[in-house]
Structures are given as C-alpha cells and as structure tokens.
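Student: Structure provided below as structure tokens; questions to follow.
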Amino acid sequence: MEIEQAKKELKEKGFLDIETNEELDFAAEIQKLKKEKNAVILAHYYQEPAIQDIADFVGDSLQLSYKAAEVDADLIVFAGVHFMAETAKILNPDKKVLLPDLNAGCSLSEACEAADLQAFKEKHPDHIVVTYVNTSADVKAISDICCTSSNAKKIVDSIPVDQPIIFAPDKNLGAYINKETGRDMLLWEGACIVHEAFSIDKLLTTHQSHPEAKIIAHPESEEHILKTAAYIGSTSGLINFAKTDPAKEFIVATEAGILHEMQKEVPEKTLYPAPAVEDNTCACSECPYMKMNTMKKLYLCMKHELPEVHVPEEVQKKALIPIQRMLDISSK
C-alpha cells in the first residue's frame with residue numbers, strides 16, 4: 001500500500017511522498033479536511049500565496065506564537081518551518097501538531113546547536129541568555145527568555161541594564177538591538193541566509209530606478225542594508241508601515257513571500273522586492289526552507305496526519321518557560 005511505503009520513507013524524505021490525482025482540487029480538499037478534523041492552519045507570511053490564502057491565520061513569528069497559544073482546534077497544522085511547529089507543540093503539548101515537510105528548517109536555527117550554546121553559556125556564567133524564536137526546542141530549553149523581531153527591543157529593555165546578556169543566534173538582529181538600546185550584548189555568530197543575500201549595489205540601483213520608493217527592511221538584514229532604510233521592522237511591522245505611510249512605492253528588504261499579503265493590504269501601492277546578490281527567477285530573495293511546503297504536501301499532511309512534530313516532555317516543560325516569559329512581557 002502506497003501510504004505504508006510513504007510512512008517508511010518519511011524519516012528520510014521528511015514528507016509523505018504519495019501520488020495524487022492530477023485533477024484534485026487541493027484547496028477544496030483541504031477545506032473539507034479542516035472541518036472534518038477540527039483543524040486549524042497557521043501559516044507564515046513567507047509561505048507560497050496559495051497556502052497563505054487557505055490558512056486560518058497568517059502572521060509573523062510573534063503573531064503565530066500568540067495564535068498557537070490560544071487555538072482550540074484538535075489539530076494544529078503549521079505551514080512554516082520546523083522551529084515554528086515546535087513552538088506550537090511546546091505551547092500545546094496535548095494537541096497534535098503537523099508540519100507538511102519536516103526538512104523545512106532554518107539557517108538561524110541550524111547555526112546554534114544546544115550543545116554549543118551550553119558550552120558558550122558556561123564560559124560566560126554571569127550572562128543571561130536571550131534567544132531569538134528562530135531556534136530549536138533544545139536551545140529554548142536552555143534559554144532564559146525568547147524574543148522575536150517584533151518584540152526584541154521590548155524584551156531587552158525589560159532586563160536590568162547592568163545584567164550582561166548573550167543574544168543568539170542572529171548577529172544582525174542583535175547588533176540592531178544593541179544600537180537601539182545602547183546595550184553591549186554578546187552576540188552569537190548566526191545569520192539568516194535570506195537577509196544576508198541582499199545586494200547593496202542592486203538595491204541602490206533599484207532605488208535609482210524608483211527614486212520615490214521608500215526602502216523598508218527587516219532587522220535580520222546586514223547593517224549596510226539597514227542604513228538605507230526609511231523604516232526597519234518585523235514582518236508584520238513592514239506590512240503596517242506600508243499601510244500607514246503616505247508613500248505610494250516601497251522597496252521591501254525581506255523574504256519575498258511577504259509581498260503577497262502586503263499587496264492585498266495596499267492594492268493601490270507599488271511594491272518592489274529587494275534584489276539578491278545571485279540572479280534568480282524573481283530577482284528577489286526567497287527562503288528555500290519556507291518554500292519546501294506545497295499545497296500537495298499540506299493536503300497529504302492533513303489527510304494522513306503526518307508528519308507529526310514531537311517535543312520530549314522534559315524539553316517541552318523547560319522550553320515553555322522562556323516562551324511564556326516572552327509572551328507575558330509582550331502583552332504588557
């Protein structure tokens with residue numbers, strides 16, 4: 001039976017590799033499965049447009065964390081990357097959490113292994129550890145508090161100024177927060193492959209072609225990109241800025257998937273993706289991990305309730321503490 005073979009190959013492939021009818025309407029089938037299974041689909045802004053359109057909630061990491069903490073569905077399907085699904089499982093240990101492709105990882109998460117961070121902590125015992133939400137459950141379990149790009153400044157500001165901090169794993173976000181807060185946090189050497197792929201030369205050329213366009217950038221970008229920006233903010237922050245700012249054109253320096261939701265919010269405005277160093281089909285920067293999820297994988301995942309994301313109970317309990325601290329501080 002095809003499903004049995006797919007289950008055997010799941011660990012190796014990361015997703016259910018099953019043939020489907022070419023005429024199958026994935027969107028319609030997914031809607032049926034949502035009702036049948038009392039499922040909720042949470043999707044990140046960087047997912048492909050079709051997935052964003054069928055999701056029950058689309059947001060950035062902080063918004064998705066809040067949503068994951070309050071869902072009342074029996075089944076949580078996370079259309080995002082692995083650390084996001086893990087976070088949902090940490091917040092909902094008694095619910096089944098699915099991820100269409102287990103190999104949908106994150107360069108930031110992969111840049112910071114728990115064993116390495118633990119060794120680093122031991123060299124700096126007077127420091128507390130603030131970790132970006134883009135980390136594994138094991139890393140969160142040895143952290144003091146988590147943050148997202150939306151709330152990083154607020155989280156750091158909540159810590160006494162004389163308390164030394166290790167900030168991991170994003171050195172670019174950490175450097176930006178150091179500048180914003182006047183702190184001198186010890187930064188982990190990690191970075192997002194998407195936000196480090198922007199070409200400053202191409203960005204300036206694009207701006208010369210569209211001089212009225214405002215450059216807006218995610219703080220995971222490198223400093224030379226941030227220096228050109230009229231606004232720096234999280235994914236949701238960038239969308240809100242485009243909605244409220246009077247400018248009619250924007251050059252957007254973050255993963256190009258954001259343009260789908262942003263354009264829906266500002267249909268009368270013109271958006272340009274910030275160009276990457278390497279030429280590609282859209283001349284913009286896309287996260288290869290985020291794009292691993294497809295409508296077919298989402299459908300098969302919901303139909304067979306696999307792949308499922310698991311977090312060991314001991315790790316879940318420890319990782320919940322810094323996440324809950326983050327949510328509590330953010331809600332004040």
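Chain lettering (A, B, ...) mirrors the order of the structure tokens, residue numbering begins at 1 for each chain separately, and ligand numbering begins at 1 in order of display.
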Which residues are near Glu36 (chain A)? Cut-off 12 Å, only C-alpha atoms, ignore same chain within fewer than 2 positions. Put them as a ChimeraX atom specification.

Tutor: /A:29-34,38-40,73-75,302-303

Student: Using only C-alpha atoms, what does the table of region 177-257 of chain A residues within 10 Å of region 105-109 of chain A look like, with each row giving the shortest atom pair and its distance in Å to one decimal, sorted by chain and ascending number, as a Markdown table?

Tutor:
| residue | atom | partner | partner_atom | distance |
| --- | --- | --- | --- | --- |
| A:Glu189 | CA | A:Leu108 | CA | 9.5 |
| A:Gly190 | CA | A:Leu108 | CA | 5.9 |
| A:Ala191 | CA | A:Leu108 | CA | 5.6 |
| A:Cys192 | CA | A:Leu108 | CA | 5.5 |
| A:Ile193 | CA | A:Ser107 | CA | 6.3 |
| A:Val194 | CA | A:Ser107 | CA | 8.8 |

Student: Would you mind exporting the chosen residues as a PDB file, in the first residue's frame, restricted to N, CA, C and O atoms?

Tutor:
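Contents of part14.pdb, as written:
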ATOM      1  N   GLU A 189      27.308  34.110  16.541  1.00  0.00           N
ATOM      2  CA  GLU A 189      27.632  34.301  15.129  1.00  0.00           C
ATOM      3  C   GLU A 189      26.696  33.508  14.222  1.00  0.00           C
ATOM      4  O   GLU A 189      27.089  32.514  13.607  1.00  0.00           O
ATOM      5  N   GLY A 190      25.446  33.941  14.150  1.00  0.00           N
ATOM      6  CA  GLY A 190      24.492  33.301  13.250  1.00  0.00           C
ATOM      7  C   GLY A 190      23.844  34.349  12.369  1.00  0.00           C
ATOM      8  O   GLY A 190      23.840  35.542  12.691  1.00  0.00           O
ATOM      9  N   ALA A 191      23.301  33.919  11.229  1.00  0.00           N
ATOM     10  CA  ALA A 191      22.643  34.863  10.327  1.00  0.00           C
ATOM     11  C   ALA A 191      21.651  34.125   9.434  1.00  0.00           C
ATOM     12  O   ALA A 191      21.766  32.918   9.215  1.00  0.00           O
ATOM     13  N   CYS A 192      20.684  34.876   8.942  1.00  0.00           N
ATOM     14  CA  CYS A 192      19.675  34.334   8.031  1.00  0.00           C
ATOM     15  C   CYS A 192      20.201  34.389   6.599  1.00  0.00           C
ATOM     16  O   CYS A 192      20.626  35.449   6.128  1.00  0.00           O
ATOM     17  N   ILE A 193      20.166  33.258   5.918  1.00  0.00           N
ATOM     18  CA  ILE A 193      20.697  33.212   4.553  1.00  0.00           C
ATOM     19  C   ILE A 193      19.910  34.116   3.611  1.00  0.00           C
ATOM     20  O   ILE A 193      20.461  34.633   2.633  1.00  0.00           O
ATOM     21  N   VAL A 194      18.637  34.331   3.901  1.00  0.00           N
ATOM     22  CA  VAL A 194      17.810  35.190   3.043  1.00  0.00           C
ATOM     23  C   VAL A 194      18.209  36.644   3.221  1.00  0.00           C
ATOM     24  O   VAL A 194      18.483  37.364   2.252  1.00  0.00           O
TER      25      VAL A 194
END

Student: From a DSSP calculation on the backbone, collect every residue of region 213-330 of chain A in helix (DSSP H, G or I) and output the set as number ranges by chain.

Tutor: A: 223-226, 235-244, 258-265, 290-292, 295-304, 313-330

Student: What would the file look like if the residues just selected were written as a short mmCIF file (atom, residue, chain, number, x, y, z; two decimals), in the first residue's frame with N, CA and C atoms?

Tutor:
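Result file again04.cif:
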data_model
loop_
_atom_site.label_atom_id
_atom_site.label_comp_id
_atom_site.auth_asym_id
_atom_site.auth_seq_id
_atom_site.Cartn_x
_atom_site.Cartn_y
_atom_site.Cartn_z
N GLU A 223 23.91 45.47 8.31
CA GLU A 223 23.87 46.88 8.67
C GLU A 223 23.86 47.80 7.45
N HIS A 224 24.62 47.44 6.41
CA HIS A 224 24.67 48.33 5.25
C HIS A 224 23.33 48.41 4.52
N ILE A 225 22.52 47.37 4.65
CA ILE A 225 21.16 47.42 4.10
C ILE A 225 20.27 48.28 5.00
N LEU A 226 20.39 48.08 6.30
CA LEU A 226 19.55 48.83 7.25
C LEU A 226 19.81 50.33 7.17
N THR A 235 8.25 41.50 10.20
CA THR A 235 7.42 41.24 9.03
C THR A 235 6.08 41.96 9.13
N SER A 236 5.42 41.81 10.28
CA SER A 236 4.14 42.50 10.46
C SER A 236 4.33 44.01 10.51
N GLY A 237 5.46 44.45 11.07
CA GLY A 237 5.76 45.87 11.13
C GLY A 237 5.91 46.48 9.74
N LEU A 238 6.53 45.74 8.84
CA LEU A 238 6.71 46.21 7.47
C LEU A 238 5.37 46.37 6.78
N ILE A 239 4.47 45.42 7.00
CA ILE A 239 3.14 45.50 6.39
C ILE A 239 2.38 46.70 6.95
N ASN A 240 2.44 46.90 8.25
CA ASN A 240 1.73 48.03 8.86
C ASN A 240 2.29 49.37 8.38
N PHE A 241 3.62 49.43 8.20
CA PHE A 241 4.23 50.67 7.73
C PHE A 241 3.74 50.98 6.31
N ALA A 242 3.70 49.97 5.45
CA ALA A 242 3.24 50.17 4.08
C ALA A 242 1.79 50.64 4.06
N LYS A 243 1.00 50.18 5.03
CA LYS A 243 -0.41 50.58 5.11
C LYS A 243 -0.58 52.02 5.56
N THR A 244 0.26 52.44 6.51
CA THR A 244 0.04 53.74 7.15
C THR A 244 0.87 54.88 6.58
N ILE A 258 6.40 37.95 1.61
CA ILE A 258 5.61 38.97 2.29
C ILE A 258 4.81 39.82 1.31
N LEU A 259 5.27 39.90 0.07
CA LEU A 259 4.64 40.79 -0.90
C LEU A 259 3.20 40.39 -1.19
N HIS A 260 2.87 39.11 -1.04
CA HIS A 260 1.51 38.64 -1.32
C HIS A 260 0.51 39.29 -0.36
N GLU A 261 0.77 39.18 0.93
CA GLU A 261 -0.13 39.77 1.92
C GLU A 261 -0.05 41.29 1.91
N MET A 262 1.15 41.81 1.74
CA MET A 262 1.32 43.26 1.72
C MET A 262 0.55 43.90 0.58
N GLN A 263 0.58 43.27 -0.59
CA GLN A 263 -0.13 43.83 -1.75
C GLN A 263 -1.63 43.79 -1.54
N LYS A 264 -2.12 42.76 -0.84
CA LYS A 264 -3.56 42.70 -0.52
C LYS A 264 -3.95 43.84 0.40
N GLU A 265 -3.04 44.21 1.31
CA GLU A 265 -3.32 45.28 2.26
C GLU A 265 -3.22 46.67 1.61
N MET A 290 11.21 27.77 3.64
CA MET A 290 9.79 28.14 3.66
C MET A 290 9.06 27.60 2.43
N LYS A 291 9.79 27.57 1.31
CA LYS A 291 9.14 27.15 0.07
C LYS A 291 9.10 25.63 -0.09
N MET A 292 9.61 24.88 0.90
CA MET A 292 9.51 23.42 0.86
C MET A 292 8.06 22.97 1.00
N MET A 295 1.08 22.97 -1.55
CA MET A 295 -0.33 22.62 -1.32
C MET A 295 -0.53 21.10 -1.29
N LYS A 296 0.23 20.39 -2.13
CA LYS A 296 0.12 18.94 -2.14
C LYS A 296 0.59 18.36 -0.81
N LYS A 297 1.73 18.81 -0.33
CA LYS A 297 2.25 18.32 0.95
C LYS A 297 1.29 18.68 2.08
N LEU A 298 0.72 19.87 2.03
CA LEU A 298 -0.23 20.29 3.06
C LEU A 298 -1.46 19.38 3.06
N TYR A 299 -1.97 19.08 1.88
CA TYR A 299 -3.13 18.20 1.76
C TYR A 299 -2.83 16.80 2.31
N LEU A 300 -1.72 16.21 1.88
CA LEU A 300 -1.36 14.86 2.33
C LEU A 300 -1.10 14.83 3.84
N CYS A 301 -0.48 15.88 4.32
CA CYS A 301 -0.19 16.00 5.75
C CYS A 301 -1.48 15.98 6.56
N MET A 302 -2.49 16.73 6.10
CA MET A 302 -3.76 16.79 6.81
C MET A 302 -4.56 15.49 6.66
N LYS A 303 -4.52 14.91 5.49
CA LYS A 303 -5.28 13.68 5.23
C LYS A 303 -4.79 12.53 6.10
N HIS A 304 -3.47 12.38 6.19
CA HIS A 304 -2.89 11.24 6.91
C HIS A 304 -2.36 11.60 8.30
N GLU A 313 8.87 15.56 26.66
CA GLU A 313 8.19 16.26 27.75
C GLU A 313 9.15 17.12 28.58
N GLU A 314 10.32 16.60 28.89
CA GLU A 314 11.27 17.34 29.71
C GLU A 314 11.73 18.61 29.00
N VAL A 315 11.98 18.50 27.69
CA VAL A 315 12.39 19.66 26.90
C VAL A 315 11.22 20.64 26.78
N GLN A 316 10.02 20.12 26.56
CA GLN A 316 8.84 20.97 26.42
C GLN A 316 8.63 21.84 27.65
N LYS A 317 8.72 21.24 28.81
CA LYS A 317 8.49 21.99 30.06
C LYS A 317 9.52 23.10 30.26
N LYS A 318 10.79 22.79 29.94
CA LYS A 318 11.86 23.80 30.10
C LYS A 318 11.74 24.90 29.03
N ALA A 319 11.41 24.50 27.80
CA ALA A 319 11.33 25.47 26.70
C ALA A 319 10.12 26.39 26.85
N LEU A 320 9.09 25.90 27.52
CA LEU A 320 7.88 26.71 27.71
C LEU A 320 8.17 27.96 28.55
N ILE A 321 9.10 27.86 29.50
CA ILE A 321 9.38 28.96 30.42
C ILE A 321 9.83 30.23 29.69
N PRO A 322 10.89 30.18 28.84
CA PRO A 322 11.30 31.41 28.15
C PRO A 322 10.28 31.91 27.14
N ILE A 323 9.51 30.99 26.55
CA ILE A 323 8.46 31.41 25.60
C ILE A 323 7.36 32.15 26.35
N GLN A 324 6.94 31.60 27.47
CA GLN A 324 5.88 32.23 28.26
C GLN A 324 6.33 33.58 28.80
N ARG A 325 7.59 33.67 29.21
CA ARG A 325 8.12 34.96 29.66
C ARG A 325 8.02 36.00 28.55
N MET A 326 8.38 35.58 27.34
CA MET A 326 8.28 36.48 26.20
C MET A 326 6.85 36.94 25.98
N LEU A 327 5.92 36.01 25.97
CA LEU A 327 4.52 36.35 25.71
C LEU A 327 3.97 37.26 26.81
N ASP A 328 4.35 37.01 28.04
CA ASP A 328 3.89 37.84 29.16
C ASP A 328 4.39 39.27 29.04
N ILE A 329 5.68 39.43 28.73
CA ILE A 329 6.26 40.77 28.62
C ILE A 329 5.68 41.50 27.40
N SER A 330 5.49 40.77 26.31
CA SER A 330 4.97 41.39 25.09
C SER A 330 3.55 41.88 25.25
#

Student: Closest to Thr131 (chain A) among A:Trp188, A:Phe78, A:Tyr176, A:Phe250, using only C-alpha atoms?

Tutor: A:Trp188

Student: Quick one: distance from CA of Glu86 (chain A) to CA of His124 (chain A) in Å, one decimal?

Tutor: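 Taking CA of Glu86 (chain A) as the start and CA of His124 (chain A) as the end point, the length is 27.5 Å.
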
Student: Could you jot down the CA of Leu117 (chain A) to CA of Ile165 (chain A) separation for me, Å, one decimal place?

Tutor: 13.1 Å

Student: Excluding same-chain residues fewer than 6 positions from region 5-15 of chain A, what lies within 8 Å of it counting only C-alpha atoms, as a list in words?

Tutor: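 The residues satisfying every condition are Pro100, Asp101, Leu102, Asn103, Lys297, Cys301, Leu306 and Pro307 of chain A.
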
Student: Quick one: everything within 7 Å of region 53-64 of chain A, counting only C-alpha atoms, minus sequence neighbours fewer than 6 positions away in the same chain. Send it as an MDAnalysis selection string.

Tutor: chainID A and resid 27 40:45 148 150 235:236

Student: Can you write just those residues out, C-alpha atoms, as a short mmCIF file (atom, residue, chain, number, x, y, z; two decimals), in the first residue's frame?

Tutor:
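Wrote it out as result-v9.cif, contents follow:
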data_model
loop_
_atom_site.label_atom_id
_atom_site.label_comp_id
_atom_site.auth_asym_id
_atom_site.auth_seq_id
_atom_site.Cartn_x
_atom_site.Cartn_y
_atom_site.Cartn_z
CA ALA A 27 -7.76 23.91 -1.81
CA VAL A 40 -6.51 24.98 12.16
CA ILE A 41 -3.84 26.01 9.66
CA LEU A 42 -1.29 28.58 10.84
CA ALA A 43 0.90 29.99 8.07
CA HIS A 44 3.85 32.35 7.97
CA TYR A 45 3.95 35.31 5.58
CA THR A 148 11.03 37.78 18.01
CA SER A 150 8.68 42.30 16.74
CA THR A 235 7.42 41.24 9.03
CA SER A 236 4.14 42.50 10.46
#

Student: How would you write, as number ranges by chain, the set of residues in region 87-308 of chain A that DSSP gives as strand (DSSP E)?

Tutor: A: 96-98, 128-132, 145-147, 165-168, 186-187, 214-217, 231-232, 249-253, 270-273

Student: Would you export the selected residues with N, CA, C and O atoms as a short mmCIF file (atom, residue, chain, number, x, y, z; two decimals), in the first residue's frame, please?

Tutor:
data_model
loop_
_atom_site.label_atom_id
_atom_site.label_comp_id
_atom_site.auth_asym_id
_atom_site.auth_seq_id
_atom_site.Cartn_x
_atom_site.Cartn_y
_atom_site.Cartn_z
N LYS A 96 -2.13 17.54 18.71
CA LYS A 96 -1.30 17.02 17.62
C LYS A 96 -0.91 18.19 16.72
O LYS A 96 -1.76 18.97 16.28
N VAL A 97 0.39 18.31 16.48
CA VAL A 97 0.92 19.39 15.63
C VAL A 97 1.58 18.76 14.41
O VAL A 97 2.44 17.88 14.54
N LEU A 98 1.19 19.22 13.24
CA LEU A 98 1.72 18.69 11.99
C LEU A 98 2.52 19.74 11.25
O LEU A 98 2.25 20.94 11.36
N ILE A 128 22.77 36.24 31.14
CA ILE A 128 21.52 35.52 30.88
C ILE A 128 21.38 35.38 29.36
O ILE A 128 21.99 36.14 28.59
N VAL A 129 20.59 34.42 28.94
CA VAL A 129 20.51 34.09 27.52
C VAL A 129 19.16 34.49 26.93
O VAL A 129 18.11 34.02 27.36
N VAL A 130 19.23 35.39 25.96
CA VAL A 130 18.04 35.77 25.18
C VAL A 130 18.18 35.11 23.82
O VAL A 130 19.16 35.35 23.11
N THR A 131 17.24 34.26 23.47
CA THR A 131 17.32 33.61 22.16
C THR A 131 16.15 34.03 21.28
O THR A 131 15.00 34.13 21.73
N TYR A 132 16.49 34.28 20.05
CA TYR A 132 15.50 34.55 19.01
C TYR A 132 14.63 33.31 18.88
O TYR A 132 15.08 32.19 19.07
N ILE A 145 14.99 33.66 28.21
CA ILE A 145 13.82 34.31 27.62
C ILE A 145 13.98 34.32 26.11
O ILE A 145 15.09 34.40 25.58
N CYS A 146 12.87 34.22 25.42
CA CYS A 146 12.88 34.26 23.95
C CYS A 146 12.43 35.63 23.47
O CYS A 146 11.89 36.44 24.23
N CYS A 147 12.64 35.87 22.18
CA CYS A 147 12.15 37.11 21.57
C CYS A 147 11.89 36.84 20.09
O CYS A 147 12.32 35.83 19.53
N ILE A 165 24.17 40.10 28.81
CA ILE A 165 23.26 39.27 28.00
C ILE A 165 24.02 38.58 26.88
O ILE A 165 24.85 39.18 26.21
N ILE A 166 23.70 37.31 26.69
CA ILE A 166 24.08 36.59 25.47
C ILE A 166 22.86 36.64 24.57
O ILE A 166 21.76 36.27 24.99
N PHE A 167 23.03 37.10 23.33
CA PHE A 167 21.94 37.14 22.37
C PHE A 167 22.25 36.18 21.23
O PHE A 167 23.28 36.30 20.57
N ALA A 168 21.36 35.22 21.01
CA ALA A 168 21.61 34.22 19.97
C ALA A 168 20.31 33.92 19.21
O ALA A 168 19.22 34.08 19.76
N LEU A 186 26.46 40.21 24.12
CA LEU A 186 27.41 39.28 23.49
C LEU A 186 26.64 38.53 22.41
O LEU A 186 25.67 37.83 22.70
N LEU A 187 27.06 38.69 21.16
CA LEU A 187 26.28 38.17 20.04
C LEU A 187 26.81 36.84 19.51
O LEU A 187 28.01 36.67 19.32
N LYS A 214 10.21 54.14 -0.97
CA LYS A 214 10.88 54.07 0.32
C LYS A 214 11.41 52.65 0.55
O LYS A 214 10.70 51.68 0.29
N ILE A 215 12.64 52.55 1.01
CA ILE A 215 13.22 51.26 1.34
C ILE A 215 12.80 50.90 2.76
O ILE A 215 12.97 51.69 3.69
N ILE A 216 12.21 49.72 2.92
CA ILE A 216 11.85 49.23 4.26
C ILE A 216 12.50 47.86 4.43
O ILE A 216 12.56 47.06 3.50
N ALA A 217 13.03 47.60 5.64
CA ALA A 217 13.87 46.41 5.80
C ALA A 217 13.62 45.70 7.12
O ALA A 217 13.26 46.30 8.13
N TYR A 231 12.48 52.69 7.09
CA TYR A 231 11.83 52.03 8.23
C TYR A 231 12.44 50.63 8.39
O TYR A 231 12.69 49.93 7.40
N ILE A 232 12.67 50.25 9.65
CA ILE A 232 13.18 48.92 9.98
C ILE A 232 12.18 48.27 10.91
O ILE A 232 11.79 48.86 11.93
N GLU A 249 5.14 53.93 -3.16
CA GLU A 249 6.03 52.86 -3.63
C GLU A 249 6.98 52.45 -2.51
O GLU A 249 7.45 53.30 -1.75
N PHE A 250 7.26 51.14 -2.45
CA PHE A 250 8.18 50.63 -1.43
C PHE A 250 9.09 49.56 -2.03
O PHE A 250 8.66 48.75 -2.84
N ILE A 251 10.35 49.60 -1.62
CA ILE A 251 11.29 48.51 -1.92
C ILE A 251 11.41 47.72 -0.62
O ILE A 251 11.80 48.28 0.41
N VAL A 252 11.06 46.45 -0.67
CA VAL A 252 10.91 45.66 0.55
C VAL A 252 12.07 44.68 0.72
O VAL A 252 12.22 43.74 -0.05
N ALA A 253 12.87 44.91 1.76
CA ALA A 253 14.04 44.07 2.01
C ALA A 253 13.73 43.03 3.09
O ALA A 253 14.08 43.17 4.26
N THR A 270 2.66 50.38 -5.07
CA THR A 270 3.57 49.54 -5.86
C THR A 270 4.69 49.02 -4.97
O THR A 270 5.33 49.81 -4.26
N LEU A 271 4.92 47.73 -5.03
CA LEU A 271 5.94 47.09 -4.18
C LEU A 271 7.02 46.45 -5.05
O LEU A 271 6.72 45.80 -6.05
N TYR A 272 8.27 46.63 -4.63
CA TYR A 272 9.39 46.02 -5.34
C TYR A 272 10.18 45.16 -4.36
O TYR A 272 10.54 45.62 -3.27
N PRO A 273 10.47 43.90 -4.70
CA PRO A 273 11.30 43.09 -3.81
C PRO A 273 12.75 43.55 -3.87
O PRO A 273 13.26 43.88 -4.95
#

Student: Show which residues sit within 12 Å of Asn178 (chain A), as a PyMOL selection string. Count only C-alpha atoms, and ignore same-chain residues fewer than 2 positions away.

Tutor: chain A and resi 152-153+156-157+161+165-167+171-176+180-187+219

Student: Could you state the separation of CA of Ala247 (chain A) and CA of Ser209 (chain A) in Å, given to one decimal place?

Tutor: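 Separating CA of Ala247 (chain A) from CA of Ser209 (chain A) is a distance of 15.8 Å.
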